[in-house]
Amino acid sequence: MSNYQGDDAEYMEDVDDEMEDVEDDMDEEFRGDDLGASDSDVEEFDYSNNKIADTSADQARDGKDIQGIPWSRLSISREKYRQTRLEQYKNYENVPNSGESSEKVCKVTKKGGLFYDFWRNSRSIKSTILHFQLRNLVWATSKHDVYLMSNFLVTHYSALTSGKHEVLNVSGHVAPSEKHPGSLLEGFTQTQVSTLAVKDDFLVAGGFQGELICKHLDRPGVSFCSRTTYDDNAITNAIEIYNKPSGALHFTASNNDSGVRDFDMERYQLVKHFRFPWPVNHSSLSPNGKLLAIVGDNPEGLIVDPNTGKTLETLSGHLDFSFASAWHPDGITFSTGNQDKTCRVWDIRNLSQSVAVLKGNLGAIRSIRYTLDGKYMAMAEPADFVHVYDVSNGYETEQEIDFFGEISGISFSPDTEALFIGVWDRTYGSLLEYGRRRNYSYLDSLL
């Protein structure tokens with residue numbers, strides 16, 4: 001992936017410059033410069049709780065914008081602004097024109113699916129990102145519990161009570177409260193968190209300088225700190241937490257130094273370290289633990305043996321660098337997301353070509369998630385769009401979730417009942433909550 005200090009700032013500046021003309025056409029209210037002077041403050045601000053008002057499902061059904069954007073008071077319509085965003089949003093590419101070149105092989109899908117209903121937009125919780133290519137900063141451990149990055153804080157948000165509390169503060173000094181061999185007892189200061197993972201009661205935050213901070217959510221303090229490398233190119237790109245067949249807790253860290261490292265959290269030790277020819281942006285372990293998908297700064301991906309690091313298969317088809325991968329629960333198919341604006345679905349029984357190529361609207365596919373029952377797959381673009389596909393129907397039908405803002409992460413709840421989307425925006429940053437649509441028609445016979 002690109003080095004943060006240079007390419008990241010330049011890319012975000014380019015996006016801002018390209019959108020200046022659009023924003024000039026919009027009232028100050030949209031940019032949040034003069035919300036206090038509006039005639040509809042009650043809609044935008046809850047004075048009794050001293051917070052920006054959320055948007056509920058009932059309000060959305062009555063016609064309110066899900067993000068609370070007052071389109072009727074703006075000089076540009078939502079449709080016009082959407083069209084301009086589609087025309088002017090700059091997709092970051094390491095291989096020029098990769099997005100345009102990939103379009104001819106993309107699957108034509110039927111839009112209009114409705115698998116998850118809008119439930120709430122929570123503007124009291126602000127999800128943020130630090131690197132424009134890394135978007136795995138939102139994790140749900142239940143349909144009520146979500147963990148996300150908000151500036152220097154890892155925050156827990158309750159979808160049940162709309163309450164939030166601080167889980168980990170990395171703005172100052174963080175040091176482990178437990179002593180384990182190999183743990184850096186001196187800890188870290190002012191860690192810039194590039195990626196995050198949370199599973200059950202365990203959290204790992206990865207940093208720009210190769211930092212790893214591990215915390216058990218049911219214990220006070222930090223359990224373990226480590227630095228993967230002291231190389232200049234040390235960014236932690238992705239974390240995956242998993243359990244071995246024995247039940248032992250492990251996690252893998254994918255880094256910009258071309259390494260993938262496996263840590264045993266029963267013994268708090270690094271147990272495996274594999275190196276690859278290029279920076280690794282994401283890795284994901286198959287459900288049976290026998291195959292590891294590797295993607296990074298190369299159009300090709302790899303399937304490797306997680307015990308030896310030996311390459312078993314090469315994945316050819318993408319045209320740019322990849323930043324996302326995910327396995328279907330059946331362990332037979334998996335998906336990869338790329339800056340060529342596509343997500344490719346692969347079948348492990350025949351990797352000569354992908355079985356489907358799914359297309360984004362604006363830019364790279366930066367995050368992919370499957371529901372644990374395997375029925376749905378969600379893929380997130382850098383901004384504005386999350387696509388949910390009906391896997392059981394061969395990815396033929398999709399639900400396109402459409403909003404405005406950079407996407408910090410997406411996460412299904414383990415019971416598949418909820419989908420959470422982190423939106424990063426100066427004014428309308430929030431957490432979008434969706435609930436799985438269920439068909440309870442059998443109840444009609446009882447009425």
# chains A, B, ... in the order shown; residues from 1 in each chain; ligands from 1

$ residues_around --residues "Ser124 (chain A)" --least-positions-apart "6" --cutoff "10 Å" --atoms "only C-alpha atoms" --output "ChimeraX atom specification"
/A:51-54,157,162-164,428-431

$ closest_atom_pairs --of "region 379-402 of chain A" --to "region 333-352 of chain A" --cutoff "10 Å" --atoms "only C-alpha atoms" --output "Markdown table"
| residue | atom | partner | partner_atom | distance |
| --- | --- | --- | --- | --- |
| A:Met379 | CA | A:Cys343 | CA | 7.7 |
| A:Ala380 | CA | A:Gly337 | CA | 9.0 |
| A:Glu381 | CA | A:Lys341 | CA | 8.0 |
| A:Pro382 | CA | A:Gln339 | CA | 9.7 |
| A:Tyr395 | CA | A:Val345 | CA | 9.4 |

$ residues_around --residues "region 242-255 of chain A" --least-positions-apart "4" --cutoff "8 Å" --atoms "only C-alpha atoms" --output "PyMOL selection string"
chain A and resi 199+210+234-238+259-266+279-283+289

$ write_last_selection --atoms "N, CA, C and O atoms" --output "PDB file, in the first residue's frame"
ATOM      1  N   LYS A 199     -13.117  -9.502  18.053  1.00  0.00           N
ATOM      2  CA  LYS A 199     -13.867 -10.767  17.960  1.00  0.00           C
ATOM      3  C   LYS A 199     -14.143 -11.240  19.377  1.00  0.00           C
ATOM      4  O   LYS A 199     -13.217 -11.364  20.188  1.00  0.00           O
ATOM      5  N   GLY A 210       4.031  -0.243  12.953  1.00  0.00           N
ATOM      6  CA  GLY A 210       4.094  -1.671  13.237  1.00  0.00           C
ATOM      7  C   GLY A 210       3.626  -2.042  14.626  1.00  0.00           C
ATOM      8  O   GLY A 210       3.804  -3.190  15.062  1.00  0.00           O
ATOM      9  N   ALA A 234       6.484   0.125   7.847  1.00  0.00           N
ATOM     10  CA  ALA A 234       6.030  -0.777   8.905  1.00  0.00           C
ATOM     11  C   ALA A 234       4.526  -0.813   9.116  1.00  0.00           C
ATOM     12  O   ALA A 234       4.050  -1.513  10.004  1.00  0.00           O
ATOM     13  N   ILE A 235       3.759  -0.109   8.345  1.00  0.00           N
ATOM     14  CA  ILE A 235       2.329   0.029   8.610  1.00  0.00           C
ATOM     15  C   ILE A 235       1.638  -1.331   8.735  1.00  0.00           C
ATOM     16  O   ILE A 235       1.837  -2.224   7.909  1.00  0.00           O
ATOM     17  N   THR A 236       0.830  -1.463   9.783  1.00  0.00           N
ATOM     18  CA  THR A 236      -0.008  -2.648   9.943  1.00  0.00           C
ATOM     19  C   THR A 236      -1.257  -2.444   9.097  1.00  0.00           C
ATOM     20  O   THR A 236      -2.079  -1.579   9.385  1.00  0.00           O
ATOM     21  N   ASN A 237      -1.411  -3.240   8.049  1.00  0.00           N
ATOM     22  CA  ASN A 237      -2.497  -3.035   7.096  1.00  0.00           C
ATOM     23  C   ASN A 237      -3.795  -3.742   7.488  1.00  0.00           C
ATOM     24  O   ASN A 237      -4.879  -3.245   7.184  1.00  0.00           O
ATOM     25  N   ALA A 238      -3.690  -4.897   8.129  1.00  0.00           N
ATOM     26  CA  ALA A 238      -4.904  -5.649   8.471  1.00  0.00           C
ATOM     27  C   ALA A 238      -4.617  -6.618   9.607  1.00  0.00           C
ATOM     28  O   ALA A 238      -3.489  -7.104   9.767  1.00  0.00           O
ATOM     29  N   GLY A 259       5.360  -8.808   5.212  1.00  0.00           N
ATOM     30  CA  GLY A 259       5.256  -9.917   6.129  1.00  0.00           C
ATOM     31  C   GLY A 259       3.836 -10.207   6.593  1.00  0.00           C
ATOM     32  O   GLY A 259       2.997  -9.314   6.673  1.00  0.00           O
ATOM     33  N   VAL A 260       3.576 -11.482   6.885  1.00  0.00           N
ATOM     34  CA  VAL A 260       2.362 -11.918   7.581  1.00  0.00           C
ATOM     35  C   VAL A 260       2.827 -12.677   8.813  1.00  0.00           C
ATOM     36  O   VAL A 260       3.614 -13.628   8.708  1.00  0.00           O
ATOM     37  N   ARG A 261       2.339 -12.253   9.970  1.00  0.00           N
ATOM     38  CA  ARG A 261       2.777 -12.841  11.237  1.00  0.00           C
ATOM     39  C   ARG A 261       1.581 -13.432  11.979  1.00  0.00           C
ATOM     40  O   ARG A 261       0.505 -12.824  12.004  1.00  0.00           O
ATOM     41  N   ASP A 262       1.796 -14.570  12.578  1.00  0.00           N
ATOM     42  CA  ASP A 262       0.751 -15.238  13.353  1.00  0.00           C
ATOM     43  C   ASP A 262       1.136 -15.212  14.830  1.00  0.00           C
ATOM     44  O   ASP A 262       2.248 -15.643  15.198  1.00  0.00           O
ATOM     45  N   PHE A 263       0.223 -14.718  15.665  1.00  0.00           N
ATOM     46  CA  PHE A 263       0.463 -14.614  17.104  1.00  0.00           C
ATOM     47  C   PHE A 263      -0.474 -15.543  17.867  1.00  0.00           C
ATOM     48  O   PHE A 263      -1.679 -15.576  17.603  1.00  0.00           O
ATOM     49  N   ASP A 264       0.105 -16.282  18.820  1.00  0.00           N
ATOM     50  CA  ASP A 264      -0.654 -17.155  19.713  1.00  0.00           C
ATOM     51  C   ASP A 264      -0.968 -16.353  20.972  1.00  0.00           C
ATOM     52  O   ASP A 264      -0.058 -15.984  21.725  1.00  0.00           O
ATOM     53  N   MET A 265      -2.253 -16.088  21.222  1.00  0.00           N
ATOM     54  CA  MET A 265      -2.637 -15.289  22.372  1.00  0.00           C
ATOM     55  C   MET A 265      -2.939 -16.123  23.616  1.00  0.00           C
ATOM     56  O   MET A 265      -3.350 -15.576  24.640  1.00  0.00           O
ATOM     57  N   GLU A 266      -2.728 -17.425  23.527  1.00  0.00           N
ATOM     58  CA  GLU A 266      -2.742 -18.239  24.737  1.00  0.00           C
ATOM     59  C   GLU A 266      -1.381 -18.132  25.427  1.00  0.00           C
ATOM     60  O   GLU A 266      -1.283 -18.067  26.647  1.00  0.00           O
ATOM     61  N   PRO A 279       4.332  -5.876  -0.436  1.00  0.00           N
ATOM     62  CA  PRO A 279       3.582  -5.543   0.779  1.00  0.00           C
ATOM     63  C   PRO A 279       2.233  -6.255   0.815  1.00  0.00           C
ATOM     64  O   PRO A 279       1.515  -6.290  -0.184  1.00  0.00           O
ATOM     65  N   VAL A 280       1.898  -6.826   1.966  1.00  0.00           N
ATOM     66  CA  VAL A 280       0.642  -7.559   2.130  1.00  0.00           C
ATOM     67  C   VAL A 280      -0.392  -6.619   2.748  1.00  0.00           C
ATOM     68  O   VAL A 280      -0.201  -6.109   3.853  1.00  0.00           O
ATOM     69  N   ASN A 281      -1.473  -6.404   2.017  1.00  0.00           N
ATOM     70  CA  ASN A 281      -2.516  -5.492   2.481  1.00  0.00           C
ATOM     71  C   ASN A 281      -3.634  -6.186   3.250  1.00  0.00           C
ATOM     72  O   ASN A 281      -4.320  -5.559   4.045  1.00  0.00           O
ATOM     73  N   HIS A 282      -3.819  -7.471   2.997  1.00  0.00           N
ATOM     74  CA  HIS A 282      -4.863  -8.212   3.713  1.00  0.00           C
ATOM     75  C   HIS A 282      -4.604  -9.701   3.576  1.00  0.00           C
ATOM     76  O   HIS A 282      -4.081 -10.168   2.563  1.00  0.00           O
ATOM     77  N   SER A 283      -4.944 -10.441   4.614  1.00  0.00           N
ATOM     78  CA  SER A 283      -4.891 -11.898   4.556  1.00  0.00           C
ATOM     79  C   SER A 283      -6.093 -12.447   5.309  1.00  0.00           C
ATOM     80  O   SER A 283      -6.570 -11.830   6.264  1.00  0.00           O
ATOM     81  N   GLY A 289      -9.137 -23.584   8.386  1.00  0.00           N
ATOM     82  CA  GLY A 289      -7.774 -23.275   8.803  1.00  0.00           C
ATOM     83  C   GLY A 289      -6.680 -23.854   7.939  1.00  0.00           C
ATOM     84  O   GLY A 289      -5.503 -23.807   8.290  1.00  0.00           O
TER      85      GLY A 289
END

$ residues_around --residues "Gln192 (chain A)" --least-positions-apart "2" --cutoff "9 Å" --atoms "only C-alpha atoms" --output "number ranges by chain"
A: 130, 151-152, 170-171, 190, 194, 206-209, 211

$ residues_around --residues "region 201-203 of chain A" --least-positions-apart "2" --cutoff "6 Å" --atoms "only C-alpha atoms" --output "list in words"
Ala197, Val198, Lys199, Cys214, Lys215, His216 and Leu217 of chain A

$ residues_around --residues "Leu212 (chain A)" --least-positions-apart "4" --cutoff "6 Å" --atoms "only C-alpha atoms" --output "list in words"
Ala205, Gly206, Cys225, Ser226 and Arg227 of chain A

$ closest_atom_pairs --of "region 57-97 of chain A" --to "region 111-121 of chain A" --cutoff "10 Å" --atoms "only C-alpha atoms" --output "Markdown table"
| residue | atom | partner | partner_atom | distance |
| --- | --- | --- | --- | --- |
| A:Ala57 | CA | A:Trp119 | CA | 4.8 |
| A:Asp58 | CA | A:Trp119 | CA | 8.5 |
| A:Gln59 | CA | A:Arg120 | CA | 9.3 |
| A:Ala60 | CA | A:Phe118 | CA | 8.1 |
| A:Arg61 | CA | A:Phe118 | CA | 9.4 |
| A:Asp65 | CA | A:Asn121 | CA | 9.9 |
| A:Ile66 | CA | A:Asn121 | CA | 6.5 |
| A:Gln67 | CA | A:Asn121 | CA | 6.4 |
| A:Gly68 | CA | A:Asn121 | CA | 8.5 |

$ residues_around --residues "Leu160 (chain A)" --least-positions-apart "4" --cutoff "9 Å" --atoms "only C-alpha atoms" --output "PyMOL selection string"
chain A and resi 143-145

$ write_last_selection --atoms "N, CA and C atoms" --output "short mmCIF file (atom, residue, chain, number, x, y, z; two decimals), in the first residue's frame"
data_model
loop_
_atom_site.label_atom_id
_atom_site.label_comp_id
_atom_site.auth_asym_id
_atom_site.auth_seq_id
_atom_site.Cartn_x
_atom_site.Cartn_y
_atom_site.Cartn_z
N LYS A 143 -25.53 -7.85 17.72
CA LYS A 143 -26.39 -6.89 17.03
C LYS A 143 -26.56 -5.61 17.83
N HIS A 144 -26.07 -5.60 19.07
CA HIS A 144 -26.17 -4.42 19.92
C HIS A 144 -24.81 -3.77 20.21
N ASP A 145 -23.70 -4.45 19.91
CA ASP A 145 -22.39 -3.99 20.34
C ASP A 145 -21.46 -3.77 19.16
#

$ atom_distance --atom1 "CA of Ser325 (chain A)" --atom2 "CA of Ser413 (chain A)"
18.0 Å

$ atom_distance --atom1 "CA of Met377 (chain A)" --atom2 "CA of His328 (chain A)"
8.4 Å

$ select_by_dssp --residues "region 171-302 of chain A" --states "strand (DSSP E or B)" --output "PyMOL selection string"
chain A and resi 173-174+176+188-189+193-199+202-207+211-216+222+224-227+236-243+249-255+259-264+269-275+280-285+292-296+298-302

$ write_last_selection --atoms "C-alpha atoms" --output "PDB file, in the first residue's frame"
ATOM      1  CA  HIS A 173       0.993   6.493  26.642  1.00  0.00           C
ATOM      2  CA  VAL A 174      -0.302   2.899  26.422  1.00  0.00           C
ATOM      3  CA  PRO A 176       0.610  -3.509  29.037  1.00  0.00           C
ATOM      4  CA  PHE A 188       3.732   3.062  22.947  1.00  0.00           C
ATOM      5  CA  THR A 189       2.993   6.772  22.871  1.00  0.00           C
ATOM      6  CA  VAL A 193      -4.169   3.267  14.560  1.00  0.00           C
ATOM      7  CA  SER A 194      -4.274   2.087  10.947  1.00  0.00           C
ATOM      8  CA  THR A 195      -6.409  -1.014  11.412  1.00  0.00           C
ATOM      9  CA  LEU A 196      -8.552  -2.736  14.011  1.00  0.00           C
ATOM     10  CA  ALA A 197     -10.104  -6.141  14.707  1.00  0.00           C
ATOM     11  CA  VAL A 198     -12.512  -7.258  17.432  1.00  0.00           C
ATOM     12  CA  LYS A 199     -13.867 -10.767  17.960  1.00  0.00           C
ATOM     13  CA  PHE A 202     -10.642  -9.722  22.239  1.00  0.00           C
ATOM     14  CA  LEU A 203      -9.410  -6.571  20.486  1.00  0.00           C
ATOM     15  CA  VAL A 204      -6.262  -5.871  18.474  1.00  0.00           C
ATOM     16  CA  ALA A 205      -5.277  -2.423  17.208  1.00  0.00           C
ATOM     17  CA  GLY A 206      -2.504  -2.100  14.620  1.00  0.00           C
ATOM     18  CA  GLY A 207      -0.452   1.057  14.087  1.00  0.00           C
ATOM     19  CA  GLU A 211       2.532  -1.399  16.694  1.00  0.00           C
ATOM     20  CA  LEU A 212       0.180  -4.117  17.954  1.00  0.00           C
ATOM     21  CA  ILE A 213      -1.944  -3.446  21.035  1.00  0.00           C
ATOM     22  CA  CYS A 214      -3.982  -6.372  22.395  1.00  0.00           C
ATOM     23  CA  LYS A 215      -6.762  -6.048  24.928  1.00  0.00           C
ATOM     24  CA  HIS A 216      -9.194  -8.534  26.454  1.00  0.00           C
ATOM     25  CA  VAL A 222      -3.894  -3.823  27.998  1.00  0.00           C
ATOM     26  CA  PHE A 224       0.068  -7.346  25.280  1.00  0.00           C
ATOM     27  CA  CYS A 225       2.079  -4.883  23.174  1.00  0.00           C
ATOM     28  CA  SER A 226       4.398  -5.758  20.333  1.00  0.00           C
ATOM     29  CA  ARG A 227       6.053  -4.125  17.343  1.00  0.00           C
ATOM     30  CA  THR A 236      -0.008  -2.648   9.943  1.00  0.00           C
ATOM     31  CA  ASN A 237      -2.497  -3.035   7.096  1.00  0.00           C
ATOM     32  CA  ALA A 238      -4.904  -5.649   8.471  1.00  0.00           C
ATOM     33  CA  ILE A 239      -5.613  -7.861  11.479  1.00  0.00           C
ATOM     34  CA  GLU A 240      -7.618 -11.096  11.552  1.00  0.00           C
ATOM     35  CA  ILE A 241      -8.560 -12.785  14.839  1.00  0.00           C
ATOM     36  CA  TYR A 242      -9.394 -16.490  14.726  1.00  0.00           C
ATOM     37  CA  ASN A 243      -9.548 -19.630  16.835  1.00  0.00           C
ATOM     38  CA  LEU A 249      -6.942 -17.728  20.309  1.00  0.00           C
ATOM     39  CA  HIS A 250      -4.701 -16.432  17.504  1.00  0.00           C
ATOM     40  CA  PHE A 251      -4.452 -13.442  15.194  1.00  0.00           C
ATOM     41  CA  THR A 252      -2.597 -12.675  11.983  1.00  0.00           C
ATOM     42  CA  ALA A 253      -1.097  -9.283  11.147  1.00  0.00           C
ATOM     43  CA  SER A 254      -0.523  -8.233   7.527  1.00  0.00           C
ATOM     44  CA  ASN A 255       2.146  -5.573   7.119  1.00  0.00           C
ATOM     45  CA  GLY A 259       5.256  -9.917   6.129  1.00  0.00           C
ATOM     46  CA  VAL A 260       2.362 -11.918   7.581  1.00  0.00           C
ATOM     47  CA  ARG A 261       2.777 -12.841  11.237  1.00  0.00           C
ATOM     48  CA  ASP A 262       0.751 -15.238  13.353  1.00  0.00           C
ATOM     49  CA  PHE A 263       0.463 -14.614  17.104  1.00  0.00           C
ATOM     50  CA  ASP A 264      -0.654 -17.155  19.713  1.00  0.00           C
ATOM     51  CA  GLN A 269       4.004 -15.253  21.370  1.00  0.00           C
ATOM     52  CA  LEU A 270       4.804 -14.798  17.698  1.00  0.00           C
ATOM     53  CA  VAL A 271       4.645 -18.320  16.279  1.00  0.00           C
ATOM     54  CA  LYS A 272       4.909 -17.824  12.495  1.00  0.00           C
ATOM     55  CA  HIS A 273       6.381 -15.178  10.204  1.00  0.00           C
ATOM     56  CA  PHE A 274       6.078 -15.473   6.424  1.00  0.00           C
ATOM     57  CA  ARG A 275       7.535 -13.041   3.894  1.00  0.00           C
ATOM     58  CA  VAL A 280       0.642  -7.559   2.130  1.00  0.00           C
ATOM     59  CA  ASN A 281      -2.516  -5.492   2.481  1.00  0.00           C
ATOM     60  CA  HIS A 282      -4.863  -8.212   3.713  1.00  0.00           C
ATOM     61  CA  SER A 283      -4.891 -11.898   4.556  1.00  0.00           C
ATOM     62  CA  SER A 284      -7.753 -14.196   5.541  1.00  0.00           C
ATOM     63  CA  LEU A 285      -7.803 -17.767   6.790  1.00  0.00           C
ATOM     64  CA  LEU A 292      -4.595 -18.565   3.686  1.00  0.00           C
ATOM     65  CA  ALA A 293      -5.573 -15.966   1.076  1.00  0.00           C
ATOM     66  CA  ILE A 294      -2.973 -13.223   0.586  1.00  0.00           C
ATOM     67  CA  VAL A 295      -3.502  -9.948  -1.333  1.00  0.00           C
ATOM     68  CA  GLY A 296      -1.380  -6.824  -1.558  1.00  0.00           C
ATOM     69  CA  ASN A 298       0.408  -6.797  -6.798  1.00  0.00           C
ATOM     70  CA  PRO A 299      -2.489  -7.522  -9.168  1.00  0.00           C
ATOM     71  CA  GLU A 300      -2.082 -11.217  -8.431  1.00  0.00           C
ATOM     72  CA  GLY A 301      -3.174 -12.801  -5.165  1.00  0.00           C
ATOM     73  CA  LEU A 302      -1.922 -15.962  -3.497  1.00  0.00           C
TER      74      LEU A 302
END

$ select_by_dssp --residues "region 58-102 of chain A" --states "helix (DSSP H, G or I)" --output "JSON, numbers by chain"
{"A": [58, 59, 60, 61, 71, 72, 73, 78, 79, 80, 81, 82, 83, 84, 85, 86, 87, 88, 98, 99, 100, 101, 102]}

$ write_last_selection --atoms "N, CA and C atoms" --output "PDB file, in the first residue's frame"
ATOM      1  N   ASP A  58     -38.563   5.224  11.364  1.00  0.00           N
ATOM      2  CA  ASP A  58     -39.856   5.886  11.173  1.00  0.00           C
ATOM      3  C   ASP A  58     -39.694   7.211  10.450  1.00  0.00           C
ATOM      4  N   GLN A  59     -38.679   7.985  10.847  1.00  0.00           N
ATOM      5  CA  GLN A  59     -38.450   9.283  10.192  1.00  0.00           C
ATOM      6  C   GLN A  59     -38.046   9.095   8.733  1.00  0.00           C
ATOM      7  N   ALA A  60     -37.244   8.067   8.460  1.00  0.00           N
ATOM      8  CA  ALA A  60     -36.841   7.808   7.077  1.00  0.00           C
ATOM      9  C   ALA A  60     -38.044   7.409   6.230  1.00  0.00           C
ATOM     10  N   ARG A  61     -38.954   6.609   6.800  1.00  0.00           N
ATOM     11  CA  ARG A  61     -40.159   6.233   6.062  1.00  0.00           C
ATOM     12  C   ARG A  61     -41.050   7.444   5.790  1.00  0.00           C
ATOM     13  N   TRP A  71     -31.971  18.478   2.203  1.00  0.00           N
ATOM     14  CA  TRP A  71     -31.911  18.733   0.766  1.00  0.00           C
ATOM     15  C   TRP A  71     -32.906  19.797   0.314  1.00  0.00           C
ATOM     16  N   SER A  72     -34.059  19.886   0.942  1.00  0.00           N
ATOM     17  CA  SER A  72     -35.074  20.855   0.518  1.00  0.00           C
ATOM     18  C   SER A  72     -34.612  22.289   0.728  1.00  0.00           C
ATOM     19  N   ARG A  73     -33.614  22.493   1.577  1.00  0.00           N
ATOM     20  CA  ARG A  73     -33.118  23.839   1.840  1.00  0.00           C
ATOM     21  C   ARG A  73     -31.817  24.138   1.102  1.00  0.00           C
ATOM     22  N   ARG A  78     -30.503  16.127  -4.234  1.00  0.00           N
ATOM     23  CA  ARG A  78     -29.729  14.926  -3.931  1.00  0.00           C
ATOM     24  C   ARG A  78     -29.326  14.209  -5.216  1.00  0.00           C
ATOM     25  N   GLU A  79     -30.248  14.142  -6.170  1.00  0.00           N
ATOM     26  CA  GLU A  79     -29.971  13.448  -7.419  1.00  0.00           C
ATOM     27  C   GLU A  79     -28.839  14.119  -8.189  1.00  0.00           C
ATOM     28  N   LYS A  80     -28.848  15.452  -8.211  1.00  0.00           N
ATOM     29  CA  LYS A  80     -27.808  16.186  -8.920  1.00  0.00           C
ATOM     30  C   LYS A  80     -26.459  16.016  -8.232  1.00  0.00           C
ATOM     31  N   TYR A  81     -26.458  16.076  -6.899  1.00  0.00           N
ATOM     32  CA  TYR A  81     -25.211  15.916  -6.170  1.00  0.00           C
ATOM     33  C   TYR A  81     -24.658  14.499  -6.348  1.00  0.00           C
ATOM     34  N   ARG A  82     -25.549  13.506  -6.371  1.00  0.00           N
ATOM     35  CA  ARG A  82     -25.103  12.136  -6.595  1.00  0.00           C
ATOM     36  C   ARG A  82     -24.448  11.997  -7.960  1.00  0.00           C
ATOM     37  N   GLN A  83     -25.074  12.566  -8.974  1.00  0.00           N
ATOM     38  CA  GLN A  83     -24.529  12.480 -10.318  1.00  0.00           C
ATOM     39  C   GLN A  83     -23.155  13.145 -10.392  1.00  0.00           C
ATOM     40  N   THR A  84     -23.003  14.273  -9.723  1.00  0.00           N
ATOM     41  CA  THR A  84     -21.728  14.981  -9.739  1.00  0.00           C
ATOM     42  C   THR A  84     -20.657  14.179  -9.018  1.00  0.00           C
ATOM     43  N   ARG A  85     -21.019  13.552  -7.918  1.00  0.00           N
ATOM     44  CA  ARG A  85     -20.068  12.708  -7.196  1.00  0.00           C
ATOM     45  C   ARG A  85     -19.594  11.551  -8.087  1.00  0.00           C
ATOM     46  N   LEU A  86     -20.521  10.930  -8.796  1.00  0.00           N
ATOM     47  CA  LEU A  86     -20.159   9.827  -9.680  1.00  0.00           C
ATOM     48  C   LEU A  86     -19.205  10.280 -10.781  1.00  0.00           C
ATOM     49  N   GLU A  87     -19.396  11.496 -11.238  1.00  0.00           N
ATOM     50  CA  GLU A  87     -18.573  12.013 -12.330  1.00  0.00           C
ATOM     51  C   GLU A  87     -17.203  12.507 -11.852  1.00  0.00           C
ATOM     52  N   GLN A  88     -17.131  13.008 -10.610  1.00  0.00           N
ATOM     53  CA  GLN A  88     -15.918  13.710 -10.192  1.00  0.00           C
ATOM     54  C   GLN A  88     -15.103  13.000  -9.114  1.00  0.00           C
ATOM     55  N   SER A  98      -6.989   1.246 -14.408  1.00  0.00           N
ATOM     56  CA  SER A  98      -7.371  -0.129 -14.070  1.00  0.00           C
ATOM     57  C   SER A  98      -8.881  -0.254 -13.884  1.00  0.00           C
ATOM     58  N   GLY A  99      -9.509   0.785 -13.315  1.00  0.00           N
ATOM     59  CA  GLY A  99     -10.951   0.732 -13.113  1.00  0.00           C
ATOM     60  C   GLY A  99     -11.725   0.701 -14.415  1.00  0.00           C
ATOM     61  N   GLU A 100     -11.300   1.514 -15.368  1.00  0.00           N
ATOM     62  CA  GLU A 100     -11.964   1.554 -16.668  1.00  0.00           C
ATOM     63  C   GLU A 100     -11.761   0.249 -17.434  1.00  0.00           C
ATOM     64  N   SER A 101     -10.562  -0.307 -17.330  1.00  0.00           N
ATOM     65  CA  SER A 101     -10.255  -1.526 -18.084  1.00  0.00           C
ATOM     66  C   SER A 101     -11.016  -2.741 -17.564  1.00  0.00           C
ATOM     67  N   SER A 102     -11.369  -2.727 -16.273  1.00  0.00           N
ATOM     68  CA  SER A 102     -12.018  -3.898 -15.681  1.00  0.00           C
ATOM     69  C   SER A 102     -13.518  -3.973 -15.969  1.00  0.00           C
TER      70      SER A 102
END

$ closest_residue --among "A:Val388, A:Val423, A:Ile368, A:Val167" --to "Ser408 (chain A)" --atoms "only C-alpha atoms"
A:Val423

$ atom_distance --atom1 "CA of Asp425 (chain A)" --atom2 "CA of Thr155 (chain A)"
17.3 Å

$ closest_residue --among "A:Arg267, A:His387, A:Arg437, A:Lys375" --to "Gly360 (chain A)" --atoms "only C-alpha atoms"
A:His387
